[in-house]
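K.L.:
Dumping the structure here so I can ask a few things about it.
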Amino acid sequence: MTTKSLRALKGERPIVALTAYDFPTAVHADEAGVDLLLVGDSVGTTVLGHPNTIPVTVEDMRHHAAAVLRALPEALVVVDLPFGEASFGRDRVLEVCRDFLRLGAGAVKLEGGREQEELRGFLVEAGIPVIGHIGLLPQQVAVEGGYHRRGSRPGEEDALLADAASVERSGCFACIGELIDAGVAGRIREHLGIPFIGIGCGPDCDGQILVCHDILGMGPDDPPGFAKVYAELGTQVRRAFEAYRDEVRSGRFPS
């Protein structure tokens, strides 16, 4: 999967996307036929034990992206630009993005709407494929006042449509929308010539992306309401550990 072939899926079939942070997850997701694997900064809460994505560093992203890419997936691998990096000078941002592509990633993801249009355009002109991210912005949640659905308050629909148009105008090959009112998400999809991939945005998108730990029941907390749990792996893992504990304590060592 390339940025070009993924973009061509708009209007053909829904795009299947998942997060991945390590080698085995990437192997299984790719074998399942997932189109896009996002090495998201959600690695901070799902794997590294942080309370939010803010502490995640470029080195963290590089480390986990390298692990995913060792799976040699057919899926398009996209790497998040972590918190605060977009505020640095262009040369630094470009070098970080180049480093991700040198690892083998196919694109980077950059949060923000109209306020990031110039930076996105600069990166695209420099040869960096970029996927945009609008709606709920986890890296800005402290400023925006928490995790609430976007699009239902006065003025939010127009702002979201303007943000989506900005993402496309800056040369991005796709746009992710997070926690946006379903009706508004459908209208964004209709206005865009690039795929609009939703997370918690309802069915009227060009595809969906979810956090792998949420759908596997592996998260430290209950998954968000929009994330269907397909397997209770957390419970199964704990039961396996308990069975192992009981056998060892009783002197029945595996041999």
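Letters A, B, ... mark the chains of the structure tokens in the order given; residue numbers begin at 1 per chain; ligand numbers begin at 1, in order shown.
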Excluding range 230-247 of chain A and residues on its chain fewer than 3 positions from it, collect all residues at most 9 Å away from it, counting only C-alpha atoms, and give them as JSON, numbers by chain.

P.N.:
{"A": [214, 215, 216, 217, 218, 219, 220, 250, 251, 252, 253, 254]}

K.L.:
Looking only at the backbone, which of the residues in range 4-246 of chain A does DSSP tag as strand (DSSP E or B), as a PyMOL selection string?

P.N.:
chain A and resi 15-19+36-39+76-80+107-112+130-135+150+174-178+180+196-199+207-210

K.L.:
Tell me, in Å to one decimal, how far CA of Thr25 in chain A is from CA of Val58 in chain A.

P.N.:
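So the answer is 20.8 Å.
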
K.L.:
Can you pull out every residue within 12 Å of His133 in chain A, counting only C-alpha atoms, but drop anything in the same chain fewer than 4 positions away, and send it as a tab-separated table (two decimals) with N, CA and C atoms, in the first residue's frame?

P.N.:
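Done, and the output landed in around.tsv:
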chain	number	residue	atom	x	y	z
A	40	GLY	N	1.27	5.42	16.44
A	40	GLY	CA	0.73	6.62	17.04
A	40	GLY	C	1.42	7.01	18.33
A	80	ASP	N	3.46	9.14	13.82
A	80	ASP	CA	3.03	10.41	14.41
A	80	ASP	C	4.21	11.33	14.68
A	81	LEU	N	4.03	12.61	14.40
A	81	LEU	CA	4.96	13.63	14.88
A	81	LEU	C	4.54	13.95	16.31
A	108	VAL	N	4.07	10.61	7.47
A	108	VAL	CA	3.97	11.09	8.86
A	108	VAL	C	2.58	11.67	9.07
A	109	LYS	N	2.17	11.72	10.33
A	109	LYS	CA	0.88	12.33	10.67
A	109	LYS	C	1.12	13.56	11.52
A	110	LEU	N	0.40	14.61	11.19
A	110	LEU	CA	0.56	15.89	11.87
A	110	LEU	C	-0.80	16.39	12.34
A	111	GLU	N	-0.93	16.60	13.65
A	111	GLU	CA	-2.18	17.12	14.20
A	111	GLU	C	-2.35	18.60	13.86
A	112	GLY	N	-3.62	19.02	13.71
A	112	GLY	CA	-3.91	20.44	13.53
A	112	GLY	C	-4.63	20.74	12.23
A	113	GLY	N	-5.38	21.82	12.25
A	113	GLY	CA	-6.13	22.23	11.08
A	113	GLY	C	-5.48	23.38	10.35
A	114	ARG	N	-6.18	24.49	10.26
A	114	ARG	CA	-5.69	25.63	9.47
A	114	ARG	C	-4.38	26.18	10.02
A	115	GLU	N	-4.19	26.10	11.35
A	115	GLU	CA	-2.99	26.67	11.94
A	115	GLU	C	-1.72	25.94	11.52
A	116	GLN	N	-1.85	24.71	11.00
A	116	GLN	CA	-0.69	23.95	10.57
A	116	GLN	C	-0.58	23.85	9.04
A	117	GLU	N	-1.38	24.61	8.33
A	117	GLU	CA	-1.39	24.48	6.87
A	117	GLU	C	-0.03	24.80	6.26
A	120	ARG	N	2.44	21.89	6.97
A	120	ARG	CA	2.12	20.71	6.16
A	120	ARG	C	2.54	20.92	4.70
A	137	LEU	N	-7.88	16.77	19.17
A	137	LEU	CA	-6.43	16.69	19.00
A	137	LEU	C	-5.83	16.30	20.35
A	138	PRO	N	-5.45	15.04	20.54
A	138	PRO	CA	-4.95	14.60	21.85
A	138	PRO	C	-3.78	15.43	22.37
A	139	GLN	N	-2.94	15.93	21.46
A	139	GLN	CA	-1.79	16.72	21.90
A	139	GLN	C	-2.20	18.10	22.41
A	140	GLN	N	-3.44	18.51	22.11
A	140	GLN	CA	-3.92	19.83	22.51
A	140	GLN	C	-5.06	19.77	23.53
A	160	LEU	N	-14.58	22.97	11.48
A	160	LEU	CA	-14.08	21.66	11.08
A	160	LEU	C	-14.02	21.52	9.56
A	163	ASP	N	-11.03	23.38	8.50
A	163	ASP	CA	-9.81	22.64	8.83
A	163	ASP	C	-9.57	21.52	7.82
A	164	ALA	N	-10.64	20.79	7.48
A	164	ALA	CA	-10.52	19.69	6.52
A	164	ALA	C	-10.08	20.21	5.16
A	165	ALA	N	-10.67	21.32	4.73
A	165	ALA	CA	-10.27	21.91	3.45
A	165	ALA	C	-8.81	22.33	3.47
A	166	SER	N	-8.35	22.83	4.62
A	166	SER	CA	-6.96	23.23	4.75
A	166	SER	C	-6.02	22.04	4.63
A	167	VAL	N	-6.43	20.91	5.23
A	167	VAL	CA	-5.62	19.70	5.14
A	167	VAL	C	-5.45	19.28	3.69
A	168	GLU	N	-6.54	19.28	2.94
A	168	GLU	CA	-6.45	18.89	1.53
A	168	GLU	C	-5.65	19.91	0.73
A	172	CYS	N	-2.00	17.08	1.65
A	172	CYS	CA	-2.07	15.79	2.34
A	172	CYS	C	-2.81	14.77	1.48
A	173	PHE	N	-2.45	13.50	1.62
A	173	PHE	CA	-3.08	12.45	0.84
A	173	PHE	C	-4.32	11.87	1.53
A	174	ALA	N	-4.50	12.19	2.81
A	174	ALA	CA	-5.66	11.73	3.57
A	174	ALA	C	-5.78	12.57	4.82
A	175	CYS	N	-6.93	12.44	5.49
A	175	CYS	CA	-7.17	13.19	6.71
A	175	CYS	C	-7.86	12.29	7.73
A	176	ILE	N	-7.37	12.31	8.95
A	176	ILE	CA	-8.02	11.61	10.05
A	176	ILE	C	-8.87	12.61	10.82
A	177	GLY	N	-10.07	12.19	11.17
A	177	GLY	CA	-10.94	12.99	12.02
A	177	GLY	C	-11.24	12.22	13.29
A	178	GLU	N	-11.09	12.87	14.44
A	178	GLU	CA	-11.28	12.18	15.71
A	178	GLU	C	-12.42	12.80	16.51
A	179	LEU	N	-13.33	11.94	16.96
A	179	LEU	CA	-14.45	12.30	17.84
A	179	LEU	C	-15.22	13.51	17.31
A	180	ILE	N	-15.69	13.37	16.07
A	180	ILE	CA	-16.47	14.42	15.42
A	180	ILE	C	-17.91	13.92	15.27
A	195	PRO	N	-9.29	10.78	1.13
A	195	PRO	CA	-9.99	9.97	2.11
A	195	PRO	C	-10.08	10.65	3.47
A	196	PHE	N	-11.26	10.51	4.09
A	196	PHE	CA	-11.48	11.01	5.44
A	196	PHE	C	-11.69	9.79	6.34
A	197	ILE	N	-10.71	9.51	7.19
A	197	ILE	CA	-10.70	8.31	8.03
A	197	ILE	C	-11.09	8.71	9.45
A	198	GLY	N	-12.13	8.09	9.97
A	198	GLY	CA	-12.65	8.49	11.26
A	198	GLY	C	-12.22	7.60	12.41
A	199	ILE	N	-12.19	8.20	13.59
A	199	ILE	CA	-12.08	7.46	14.84
A	199	ILE	C	-13.11	8.07	15.78
A	209	ILE	N	-10.08	4.12	11.82
A	209	ILE	CA	-8.86	3.74	12.53
A	209	ILE	C	-9.20	3.62	14.00
